[in-house]
Structure formats: C-alpha cells, structure tokens
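Have a look at my_file.txt below; it lists compact mmCIF, C-alpha atoms.
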```
# COMPACT_ATOMS: atom_id res chain seq x y z
CA MET A 1 40.14 -5.03 64.04
CA ASN A 2 37.52 -2.33 64.75
CA THR A 3 39.14 0.06 62.33
CA GLY A 4 39.06 -2.64 59.69
CA LYS A 5 35.32 -3.16 60.28
CA ILE A 6 34.61 0.58 59.98
CA VAL A 7 36.62 0.80 56.78
CA SER A 8 34.77 -2.11 55.22
CA LEU A 9 31.44 -0.59 56.38
CA LYS A 10 32.40 2.72 54.75
CA THR A 11 33.37 0.95 51.56
CA GLY A 12 30.07 -0.93 51.69
CA PHE A 13 28.07 2.29 52.01
CA ALA A 14 30.04 3.91 49.25
CA LEU A 15 29.42 0.94 46.97
CA LEU A 16 25.72 0.91 47.85
CA PHE A 17 25.51 4.63 47.08
CA ILE A 18 27.23 4.17 43.71
CA ILE A 19 24.90 1.29 42.80
CA LEU A 20 21.79 3.27 43.80
CA ALA A 21 22.94 6.37 41.97
CA PHE A 22 23.71 4.34 38.86
CA GLY A 23 20.31 2.59 39.06
CA ALA A 24 18.47 5.90 39.39
CA GLY A 25 20.42 7.30 36.46
CA VAL A 26 19.52 4.33 34.27
CA MET A 27 15.86 4.63 35.27
CA ARG A 28 15.77 8.34 34.55
CA HIS A 29 17.53 7.72 31.23
CA GLN A 30 14.91 5.13 30.26
CA THR A 31 12.05 7.44 31.22
CA ALA A 32 13.55 10.26 29.18
CA LYS A 33 13.94 7.94 26.20
CA SER A 34 10.31 6.80 26.28
CA ASP A 35 9.19 10.42 26.62
CA ALA A 36 11.12 11.30 23.49
CA ILE A 37 9.94 8.62 21.03
CA PRO A 38 7.65 5.75 21.99
CA ASP A 39 8.64 2.41 20.48
CA GLU A 40 5.42 2.18 18.42
CA VAL A 41 6.25 5.45 16.66
CA ARG A 42 10.00 4.97 16.33
CA GLY A 43 9.77 2.73 13.25
CA LEU A 44 7.38 5.05 11.43
CA LEU A 45 8.93 8.49 11.92
CA ILE A 46 11.29 10.13 9.48
CA GLU A 47 14.31 11.08 11.60
CA GLN A 48 14.54 14.60 10.21
CA PRO A 49 11.17 15.63 8.67
CA VAL A 50 11.69 16.77 5.06
CA THR A 51 9.86 19.89 3.88
CA VAL A 52 7.97 18.96 0.71
CA PRO A 53 9.56 21.04 -2.07
CA ASP A 54 7.70 23.21 -4.55
CA PHE A 55 5.99 21.05 -7.14
CA LYS A 56 3.04 21.43 -9.49
CA LEU A 57 0.74 18.62 -10.65
CA ALA A 58 -2.90 18.44 -11.76
CA ASP A 59 -5.60 16.61 -9.81
CA GLN A 60 -8.50 14.57 -11.23
CA GLN A 61 -10.53 17.77 -11.69
CA ASN A 62 -7.63 19.44 -13.46
CA ARG A 63 -6.99 21.79 -10.55
CA VAL A 64 -3.44 22.62 -9.50
CA PHE A 65 -2.10 20.21 -6.92
CA ASN A 66 0.95 21.70 -5.20
CA ALA A 67 2.63 22.06 -1.80
CA GLU A 68 0.02 24.66 -0.79
CA ARG A 69 -2.60 21.93 -0.78
CA LEU A 70 -0.59 19.99 1.80
CA LYS A 71 -0.68 22.79 4.38
CA GLY A 72 -3.02 22.60 7.39
CA VAL A 73 -3.91 18.95 6.78
CA TRP A 74 -2.42 15.53 7.38
CA THR A 75 -1.83 13.82 4.01
CA PHE A 76 -1.46 10.15 3.21
CA MET A 77 0.37 9.92 -0.13
CA PHE A 78 0.71 6.77 -2.18
CA PHE A 79 2.34 6.27 -5.62
CA GLY A 80 1.11 3.95 -8.37
CA TYR A 81 -0.70 3.81 -11.72
CA THR A 82 -4.12 2.73 -12.95
CA HIS A 83 -2.83 -0.11 -15.15
CA CYS A 84 -1.50 -1.80 -12.00
CA PRO A 85 -3.95 -4.64 -11.30
CA ASP A 86 -2.64 -6.07 -8.05
CA ILE A 87 -0.84 -3.90 -5.52
CA CYS A 88 -2.46 -0.51 -6.32
CA PRO A 89 -6.12 -1.64 -6.00
CA THR A 90 -5.19 -3.69 -2.92
CA THR A 91 -3.58 -0.66 -1.28
CA LEU A 92 -6.37 1.75 -2.29
CA THR A 93 -8.96 -0.66 -0.86
CA GLU A 94 -7.04 -0.84 2.41
CA LEU A 95 -6.62 2.95 2.46
CA ASP A 96 -10.35 3.45 1.84
CA ASP A 97 -11.07 1.21 4.83
CA ALA A 98 -8.52 3.11 6.95
CA ALA A 99 -10.01 6.47 5.85
CA SER A 100 -13.48 5.40 7.00
CA ARG A 101 -12.12 4.42 10.39
CA LEU A 102 -10.12 7.64 10.73
CA THR A 103 -13.08 9.97 10.06
CA GLU A 104 -13.85 9.95 13.81
CA LEU A 105 -10.46 11.58 14.47
CA GLN A 106 -11.17 14.46 12.11
CA THR A 107 -11.94 17.91 13.51
CA PRO A 108 -11.74 21.35 11.87
CA GLN A 109 -8.27 21.63 13.43
CA ARG A 110 -7.23 18.12 12.48
CA LYS A 111 -8.00 17.34 8.86
CA ILE A 112 -6.84 14.29 6.92
CA GLN A 113 -6.61 13.86 3.14
CA TYR A 114 -5.63 10.92 0.92
CA VAL A 115 -3.64 11.35 -2.29
CA PHE A 116 -2.87 8.87 -5.05
CA ILE A 117 -0.05 10.12 -7.30
CA SER A 118 0.08 8.39 -10.69
CA VAL A 119 3.64 7.91 -11.91
CA ASP A 120 2.32 6.94 -15.37
CA PRO A 121 1.24 10.29 -16.88
CA GLU A 122 1.41 8.89 -20.43
CA ARG A 123 -1.69 6.75 -19.88
CA ASP A 124 -3.24 8.30 -16.76
CA THR A 125 -5.07 11.44 -17.88
CA PRO A 126 -7.02 13.46 -15.27
CA GLU A 127 -10.26 12.03 -16.75
CA LEU A 128 -9.07 8.45 -16.35
CA LEU A 129 -7.80 9.24 -12.85
CA ALA A 130 -11.20 10.71 -11.89
CA ASP A 131 -13.07 7.52 -12.86
CA TYR A 132 -10.42 5.39 -11.24
CA ILE A 133 -10.20 7.15 -7.87
CA ASN A 134 -13.97 7.67 -7.54
CA TYR A 135 -14.41 3.92 -7.78
CA PHE A 136 -12.35 3.44 -4.61
CA ASP A 137 -13.24 6.56 -2.63
CA ALA A 138 -14.67 9.82 -3.98
CA ARG A 139 -13.03 11.70 -1.07
CA PHE A 140 -9.56 10.79 -2.36
CA ILE A 141 -7.38 13.01 -4.55
CA ALA A 142 -5.61 11.58 -7.60
CA ALA A 143 -2.93 13.69 -9.28
CA THR A 144 -0.24 13.43 -11.92
CA GLY A 145 1.88 15.52 -14.26
CA PRO A 146 4.75 15.27 -16.74
CA VAL A 147 7.64 13.05 -15.56
CA GLN A 148 9.95 16.03 -14.84
CA ASP A 149 7.20 17.64 -12.71
CA LEU A 150 6.61 14.38 -10.85
CA LYS A 151 10.32 14.20 -10.09
CA GLN A 152 10.21 17.66 -8.46
CA LEU A 153 8.05 15.99 -5.82
CA THR A 154 9.41 12.44 -5.69
CA GLU A 155 13.18 12.89 -5.79
CA PRO A 156 13.58 15.01 -2.62
CA LEU A 157 11.30 12.52 -0.80
CA GLY A 158 13.30 9.50 -1.95
CA VAL A 159 10.37 8.10 -3.95
CA LYS A 160 11.34 6.22 -7.11
CA PHE A 161 9.52 5.09 -10.23
CA GLU A 162 10.63 3.62 -13.54
CA ARG A 163 9.00 2.34 -16.67
CA GLY A 164 9.45 -1.40 -16.99
CA ALA A 165 8.97 -4.10 -19.61
CA GLY A 166 5.98 -4.29 -21.95
CA ALA A 167 4.60 -3.22 -25.31
CA ALA A 168 3.80 0.37 -26.35
CA THR A 169 0.53 0.63 -24.38
CA GLU A 170 0.90 -2.35 -22.06
CA TYR A 171 4.13 -1.59 -20.22
CA LEU A 172 4.63 -2.07 -16.47
CA VAL A 173 5.78 0.63 -14.07
CA GLY A 174 7.86 -0.03 -10.96
CA HIS A 175 7.26 2.39 -8.08
CA SER A 176 8.10 2.93 -4.40
CA SER A 177 5.63 0.95 -2.36
CA ALA A 178 5.79 2.96 0.87
CA MET A 179 2.92 5.19 1.95
CA LEU A 180 4.08 8.66 2.99
CA LEU A 181 2.51 10.69 5.78
CA ILE A 182 2.92 14.44 5.39
CA ASP A 183 2.20 16.67 8.39
CA PRO A 184 0.12 19.89 8.33
CA GLN A 185 3.31 21.93 7.90
CA ALA A 186 3.84 20.12 4.59
CA ARG A 187 6.75 18.08 5.96
CA TYR A 188 7.33 14.43 5.08
CA TYR A 189 6.87 13.17 8.65
CA ALA A 190 6.31 9.40 8.73
CA ARG A 191 6.39 6.39 6.47
CA PHE A 192 4.44 3.12 6.29
CA ALA A 193 6.22 0.21 4.59
CA ALA A 194 4.37 -2.22 2.27
CA PRO A 195 2.33 -4.36 2.34
CA HIS A 196 -0.34 -2.03 3.68
CA TYR A 197 -3.09 -3.19 6.02
CA SER A 198 -5.81 -0.81 7.15
CA GLU A 199 -5.53 -1.76 10.85
CA GLU A 200 -1.81 -0.98 10.83
CA ILE A 201 -2.34 2.32 9.01
CA VAL A 202 -5.02 3.36 11.53
CA GLU A 203 -3.04 2.31 14.61
CA GLY A 204 0.22 3.74 13.27
CA PHE A 205 -1.40 7.05 12.41
CA LYS A 206 -2.97 7.34 15.86
CA GLN A 207 0.44 6.82 17.48
CA VAL A 208 2.17 9.31 15.18
CA LEU A 209 -0.61 11.85 15.68
CA SER A 210 -0.52 11.68 19.46
CA TYR A 211 3.29 11.95 19.38
CA ALA A 212 3.18 14.94 17.00
CA GLU A 213 0.51 16.70 19.05
CA ARG A 214 2.56 16.21 22.24
CA GLN A 215 5.49 17.96 20.52
CA GLN A 216 3.50 21.15 19.91
CA MET B 1 -23.88 -71.66 13.97
CA LYS B 2 -25.35 -71.78 10.51
CA LEU B 3 -27.28 -68.60 11.11
CA ASN B 4 -24.22 -66.70 12.29
CA ARG B 5 -22.26 -67.73 9.21
CA THR B 6 -24.95 -66.39 6.84
CA LYS B 7 -24.97 -63.09 8.74
CA SER B 8 -21.24 -62.56 8.43
CA LEU B 9 -21.32 -63.46 4.74
CA GLY B 10 -24.00 -60.81 4.30
CA ARG B 11 -21.77 -58.28 6.02
CA ILE B 12 -18.90 -59.11 3.68
CA ASN B 13 -21.20 -58.65 0.70
CA ILE B 14 -22.32 -55.22 1.90
CA THR B 15 -18.69 -54.13 2.45
CA PHE B 16 -17.75 -55.40 -1.00
CA PHE B 17 -20.66 -53.57 -2.62
CA THR B 18 -19.83 -50.32 -0.77
CA SER B 19 -16.22 -50.55 -1.94
CA LEU B 20 -17.35 -51.01 -5.51
CA VAL B 21 -19.60 -47.93 -5.29
CA LEU B 22 -16.76 -45.89 -3.73
CA CYS B 23 -14.36 -46.98 -6.49
CA PHE B 24 -16.87 -45.88 -9.12
CA PHE B 25 -17.21 -42.42 -7.55
CA ALA B 26 -13.47 -42.03 -7.08
CA VAL B 27 -12.84 -42.69 -10.78
CA ASN B 28 -15.56 -40.20 -11.71
CA ILE B 29 -14.16 -37.43 -9.47
CA GLY B 30 -10.74 -37.97 -11.02
CA ALA B 31 -12.16 -37.54 -14.51
CA HIS B 32 -13.93 -34.29 -13.61
CA THR B 33 -10.89 -32.56 -12.15
CA GLY B 34 -8.69 -33.00 -15.23
CA GLY B 35 -6.35 -35.59 -13.79
CA GLY B 36 -6.14 -34.40 -10.21
CA ILE B 37 -5.76 -30.64 -10.67
CA VAL B 38 -8.24 -28.81 -8.44
CA VAL B 39 -8.72 -25.04 -8.57
CA LYS B 40 -10.20 -23.50 -5.42
CA ASP B 41 -11.38 -20.04 -4.31
CA ALA B 42 -10.92 -18.48 -7.77
CA TRP B 43 -11.92 -14.82 -7.93
CA VAL B 44 -11.42 -11.72 -10.06
CA ARG B 45 -11.08 -8.32 -8.42
CA GLU B 46 -13.83 -5.97 -9.56
CA ALA B 47 -12.15 -2.86 -10.98
CA PRO B 48 -13.13 0.68 -12.02
CA PRO B 49 -15.34 0.53 -15.16
CA ASN B 50 -12.56 1.91 -17.39
CA ALA B 51 -9.83 -0.43 -16.09
CA LYS B 52 -7.81 -2.06 -18.87
CA VAL B 53 -6.01 -4.54 -16.64
CA LEU B 54 -7.52 -6.70 -13.90
CA ALA B 55 -6.22 -9.45 -11.63
CA ALA B 56 -7.40 -12.95 -10.76
CA TYR B 57 -6.47 -15.06 -7.75
CA MET B 58 -6.94 -18.77 -6.93
CA THR B 59 -5.39 -21.80 -5.28
CA ILE B 60 -4.23 -24.50 -7.71
CA GLU B 61 -3.92 -27.93 -6.11
CA ASN B 62 -2.02 -30.77 -7.74
CA HIS B 63 -3.43 -34.05 -6.41
CA THR B 64 -1.40 -36.16 -8.84
CA GLY B 65 1.86 -37.94 -8.14
CA THR B 66 3.70 -35.93 -10.81
CA ASP B 67 4.87 -32.32 -10.92
CA LYS B 68 2.74 -30.08 -13.17
CA VAL B 69 3.73 -26.91 -15.02
CA LEU B 70 1.09 -24.30 -15.83
CA THR B 71 2.06 -22.77 -19.17
CA GLY B 72 -0.91 -20.61 -20.08
CA VAL B 73 -4.37 -19.39 -19.13
CA THR B 74 -7.13 -18.24 -21.51
CA SER B 75 -10.64 -16.86 -21.08
CA SER B 76 -13.22 -15.60 -23.58
CA SER B 77 -13.72 -12.60 -21.25
CA PHE B 78 -10.20 -11.17 -21.84
CA ASP B 79 -7.89 -10.48 -24.81
CA ARG B 80 -4.86 -11.96 -23.10
CA ILE B 81 -3.81 -13.42 -19.76
CA GLU B 82 -0.32 -13.50 -18.24
CA ILE B 83 1.00 -14.99 -15.01
CA HIS B 84 2.68 -12.31 -12.87
CA GLN B 85 4.43 -12.04 -9.55
CA THR B 86 4.34 -8.82 -7.54
CA LEU B 87 7.72 -8.08 -5.99
CA ASN B 88 8.49 -5.67 -3.19
CA ARG B 89 12.25 -5.30 -3.24
CA ASP B 90 14.13 -2.51 -1.46
CA GLY B 91 10.90 -0.56 -1.11
CA MET B 92 10.10 -0.80 -4.84
CA ALA B 93 6.93 -2.55 -6.02
CA SER B 94 7.11 -4.14 -9.43
CA MET B 95 5.66 -7.05 -11.35
CA GLU B 96 7.52 -9.80 -13.10
CA GLN B 97 5.94 -11.98 -15.77
CA GLN B 98 6.26 -15.73 -15.15
CA LYS B 99 6.44 -17.78 -18.35
CA GLU B 100 5.29 -20.82 -16.41
CA LEU B 101 4.28 -21.84 -12.94
CA GLY B 102 5.33 -25.15 -11.38
CA ILE B 103 3.04 -27.02 -9.01
CA ALA B 104 4.85 -29.93 -7.35
CA ALA B 105 3.21 -33.34 -6.96
CA GLU B 106 0.69 -33.45 -4.09
CA ASN B 107 1.24 -29.74 -3.54
CA SER B 108 -0.54 -26.44 -4.19
CA VAL B 109 0.26 -22.91 -5.30
CA LYS B 110 -1.67 -19.92 -4.02
CA LEU B 111 -2.24 -16.85 -6.19
CA GLU B 112 -3.15 -13.98 -3.86
CA PRO B 113 -3.08 -10.16 -3.57
CA GLY B 114 0.46 -8.82 -3.36
CA GLY B 115 1.96 -12.03 -4.73
CA LEU B 116 1.32 -14.32 -7.68
CA HIS B 117 -1.69 -13.39 -9.80
CA LEU B 118 -3.14 -13.67 -13.28
CA MET B 119 -2.94 -10.38 -15.16
CA LEU B 120 -6.08 -10.02 -17.30
CA PHE B 121 -5.80 -7.66 -20.27
CA ASN B 122 -8.70 -5.78 -21.89
CA PRO B 123 -11.95 -7.17 -20.53
CA GLY B 124 -14.62 -7.51 -23.27
CA ALA B 125 -17.13 -5.81 -20.98
CA ALA B 126 -16.98 -4.06 -17.60
CA LEU B 127 -17.27 -6.76 -14.94
CA LYS B 128 -19.48 -6.40 -11.91
CA ALA B 129 -19.31 -8.14 -8.54
CA GLY B 130 -21.21 -11.42 -8.81
CA ASP B 131 -20.29 -12.05 -12.48
CA SER B 132 -18.80 -15.44 -13.25
CA ILE B 133 -15.66 -15.89 -15.39
CA THR B 134 -14.41 -19.15 -16.87
CA PHE B 135 -10.65 -19.73 -17.13
CA SER B 136 -8.96 -22.48 -19.07
CA LEU B 137 -5.63 -23.60 -17.59
CA LYS B 138 -3.14 -25.34 -19.86
CA PHE B 139 -0.30 -27.52 -18.62
CA ALA B 140 3.04 -28.48 -20.16
CA ASP B 141 2.07 -32.17 -20.38
CA GLY B 142 -0.92 -31.30 -22.60
CA GLY B 143 -3.43 -31.49 -19.77
CA ALA B 144 -6.04 -28.80 -19.22
CA SER B 145 -8.31 -27.70 -16.43
CA VAL B 146 -11.32 -25.42 -16.33
CA ALA B 147 -11.85 -23.03 -13.42
CA SER B 148 -14.84 -20.87 -12.63
CA ALA B 149 -14.12 -17.58 -10.86
CA ILE B 150 -16.45 -15.09 -9.23
CA VAL B 151 -16.00 -11.32 -9.57
CA LYS B 152 -15.69 -9.72 -6.11
CA LYS B 153 -15.49 -6.13 -4.96
CA ALA B 154 -13.28 -4.48 -2.34
CA ALA B 155 -11.06 -7.37 -1.34
CA GLY B 156 -7.94 -5.80 0.05
CA GLY B 157 -4.76 -7.36 1.35
CA SER B 158 -6.22 -7.83 4.82
CA GLU B 159 -9.48 -9.47 3.75
CA HIS B 160 -8.39 -12.60 5.54
CA HIS B 161 -7.85 -10.54 8.65
CA HIS B 162 -11.46 -9.35 8.83
CA HIS B 163 -13.07 -12.57 7.64
CA PRO B 164 -10.88 -15.57 8.34
CA GLU B 165 -12.26 -18.37 6.21
CA HIS B 166 -10.73 -21.61 7.37
CA ASP B 167 -7.66 -22.88 9.14
CA GLU B 168 -5.70 -23.51 5.96
CA HIS B 169 -5.91 -19.82 5.06
CA LYS B 170 -5.03 -18.72 8.53
CA THR B 171 -1.86 -20.77 8.82
CA GLN B 172 -0.69 -19.58 5.42
CA GLU B 173 -1.33 -15.93 6.18
CA GLN B 174 0.26 -15.73 9.59
CA PRO B 175 3.89 -16.05 8.47
CA GLU B 176 3.22 -13.35 5.88
CA LYS B 177 2.12 -10.90 8.58
CA GLN B 178 5.14 -11.88 10.64
CA ASN B 179 7.44 -11.12 7.72
CA LYS B 180 5.85 -7.77 7.35
CA HIS B 181 6.61 -6.86 10.92
CA ASP B 182 10.18 -8.05 10.47
CA GLU B 183 10.50 -5.91 7.39
CA ASN B 184 9.14 -2.89 9.25
CA HIS B 185 11.64 -3.53 11.94
CA GLN B 186 14.48 -3.53 9.44
CA HIS B 187 13.28 -0.29 7.90
CA SER B 188 13.34 1.43 11.24
CA HIS B 189 17.11 1.04 11.53
```

Conversion result in structure tokens:
Amino acid sequence: MNTGKIVSLKTGFALLFIILAFGAGVMRHQTAKSDAIPDEVRGLLIEQPVTVPDFKLADQQNRVFNAERLKGVWTFMFFGYTHCPDICPTTLTELDDAASRLTELQTPQRKIQYVFISVDPERDTPELLADYINYFDARFIAATGPVQDLKQLTEPLGVKFERGAGAATEYLVGHSSAMLLIDPQARYYARFAAPHYSEEIVEGFKQVLSYAERQQ
Amino acid sequence: MKLNRTKSLGRINITFFTSLVLCFFAVNIGAHTGGGIVVKDAWVREAPPNAKVLAAYMTIENHTGTDKVLTGVTSSSFDRIEIHQTLNRDGMASMEQQKELGIAAENSVKLEPGGLHLMLFNPGAALKAGDSITFSLKFADGGASVASAIVKKAAGGSEHHHHPEHDEHKTQEQPEKQNKHDENHQHSH
C-alpha cells in the first residue's frame, strides 16, 4: 500500500517535471522566435535579401543612376510611367506624404531616398520625367533607360512590366505594383504590397529599420 | 362645435396645399437630374503641367427604378474620355478599358483612386486646382446627365483616412482597407 503510494508520488513528480520542462521550452522557443523576426516585420521582409545587380539608367538630370547610388542610403523604389493617370499619381502622392513624415528619422548615418523608375522609356524622356517628378516632390529621383537596361534591374528583383493595349502613342503599360525597399548595402530588403498608404509605409519602414539596426 | 369643425377644415386645407407644393418641387428636382441620375463628389486630379492623361472620379447614383448603362463621357476640356478600371492582380497593376458601366436601379457606382475612373486624354490647357470641368454622361437608353467636377491637388489613396467626409464614405472604405491587410497577409506566406 505504502509502496504503491510512493510509486504514484514519484510518477506524479516525474510528470510534473516533464510538464514544467516542456512549458519552459515552449516559452523559450516563443521568446527566441519574437527576437528573430517581430510579427509586424515578418510580412514585409524579403526572406533572403537580394543584392541589386549592376544596372545603368539615367535620372531626370541625365546623370547615371546605377547600383552605386543605392549604397549608404535606404531607397524606396516604385515602378510606373507618366501616362498612368490613376495608380502612379496616387502612389507618388502617398509616398510624398510618407517622405515628409520620415524626414525626422533622417541623420547623416541614416539617409533615405525615393526613386520612381519609369518602365515606359519610349515616351518618358529625362526632361518629361523631371517635370513630372518635381510636381510631386523635388527631392525624389526619377530614372529610366532602354528596355534591356531596365530589365537588368527589374528581372533579378522579380519586377515585371509589359506594354499593353492602345494606339501608337496612347498605349497602356502594366507594371509590378509593389514598392521595394533597398537597404544601404544595396540589397532588396523589404517589400510593400499595393495599394500604398502613407501611414502604412511610415509604420512599416520604422519596424523594418529598427529590426535591421538591431541585426548590426 | 361649429368652430372646431372650421378649424379642422382649415388644417386639412393647409396639409393639402403643402402636399401640392411638395409635389411641384419633386417634379422639378426630377427634371433637373436627368431622370433620377445624380452625380456626386466629382473631381479631377490635378496633374503635372505636361501630363497628357488625367483621371476623374465621382459617385454616380441611379435613383430610377430601371437599370442604367453609362456608354460614354465627353467634355470640351479633353480630346477623348474612356472609362477604365485599375486592376491589381498577382502584384501587377494594369488598367482595363470598360466599354460601358452598369448602374443598377436604386443603386450607385463609385469611381475612386485605385479602382474605376475616367481616363481623360489630352487636356486643352493645363488644369489647376480649383478649376471647374463639365462632363456630359451618355446612357444606353438615350438619356444624358451633366456633371460638374472640381480640379483638386494631392488627393492620394488615403485621403479618406486623413479627412473622413461622411459615414457613407467611411463604411465603403473600411472593407477596402481590410482587404488590403488580407492581401498583405497572403503575400507574407
């Protein structure tokens, strides 16, 4: 009788120990997980950051725009064309609003730039791009180049564009709607899905930034 | 007794007269809105001075008991106007021309940034915020409606978020934001 009691007590302790150990393990596992990637950042990050390949375009002042100009600065990159009346102006207006709110985060060590890449080089000359981008935000960069040069940049990043229906000078262009975030090491680091709202860009960027700076 | 009777007759007369006046106004309002089509909150997005293509947005309400089909829009301020729908499919943004736009009886259709819009080709002159544009809407049944739109600057996709206008807007926008979050969620997997 006594022996039986002791045995069941031992079993009880053993069970309790196993349960506690398991619980602690689960808790530690959860803590480790949240240390690694917070939920707010998880949906934005590119799993394996992609180094932006060598490419060469021209900006609105006809200066070379290449991977060198992505180094040492966070870059928001969006693709579109000036004959796009709805989604491109909407996004650029939102991005202009986000840029104004993000100026307070900027320091000499933490710069941010905003780039509009036109995927319609046939109609979007640097001169046209200059007038267009200055209307939204004179701090922004607008760049383009021949289709094969554009593809040097877009294809490795999974960005697509294609000429659609329409007459000789009034055709439409389909393009990836995501906004890319490139880190100061010129790596494609995070991605914002459309539609774009300034509050979500600002909040998302803050989360990604604090995560990235914790990794250093 | 006699006095009371006269009073109540007077009340009936006033009610009858008021009804007549109301009927008169109701008929007049109907005539002005082109048979029950009402266009609300029409606006054109101000664009860079050299822009060749602009967009217009509005809410078209059909207060008639029959379905209406919008077949064309014209304006003396533009060479040509098309109805377009912005699509965001598999991460690709594109626009699709709509030959016509149905507005069901006692229903409305909202043209808004990132969705349905009028695509305005080749403005006669650069438009500035505050300018007024007149659109002529033509329907399949031969009916027409005139809408006046205001040119506005810097109205992004989240305009409603900063300046909620009225409840109707709010309830229509909320599901859209919800969808967006859902979509983000899907992308993260």

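Using only C-alpha atoms, we find that the part of chain A lying within 6 Å of chain B comprises Gly43, His83, Pro85, Ile87, Thr90, Thr93, Glu94, Tyr132, Tyr135, Gly174, His175, Ser176, Ser177 and Tyr197 of chain A.
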
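Counting all atoms listed in the file, the residue from B:Ala147, B:Phe78, B:Val69, B:Gly130 that sits nearest to Gln98 in chain B is B:Val69.
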
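Among the candidate residues A:Ala98, A:Ile37, A:Ala58, A:Leu70, the one lying nearest to Glu199 in chain A is A:Ala98, with distances computed using only C-alpha atoms.
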
Using all atoms listed in the file - which residues lie no farther than 7 Å from the point (-20.2, -9.3, -7.6) in the file's frame? Write them as a ChimeraX atom specification. /B:128-131,151-153

Please provide the set of residues having any atom within 6 Å of Ile60 in chain B, restricted to all atoms listed in the file, with same-chain residues fewer than 5 positions apart removed, written as a PDB file with C-alpha atoms, keeping the file's coordinate frame.
```
ATOM      1  CA  VAL B  38      -8.240 -28.810  -8.440  1.00  0.00           C
ATOM      2  CA  VAL B  39      -8.720 -25.040  -8.570  1.00  0.00           C
ATOM      3  CA  SER B 108      -0.540 -26.440  -4.190  1.00  0.00           C
ATOM      4  CA  VAL B 109       0.260 -22.910  -5.300  1.00  0.00           C
TER       5      VAL B 109
END
```

Which is closer to Ser118 in chain A than all the others in A:Thr75, A:Gln60, A:Thr144, A:Ser198, using all atoms listed in the file? A:Thr144

Enclose all atoms of range 83-92 of chain A listed in the file in an axis-aligned box, grow every side by 3 Å, and hand back centre and edge lengths in Å to one decimal, as AutoDock Vina command-line options.
```
--center_x -3.6 --center_y -2.2 --center_z -8.2 --size_x 11.5 --size_y 13.8 --size_z 19.9
```
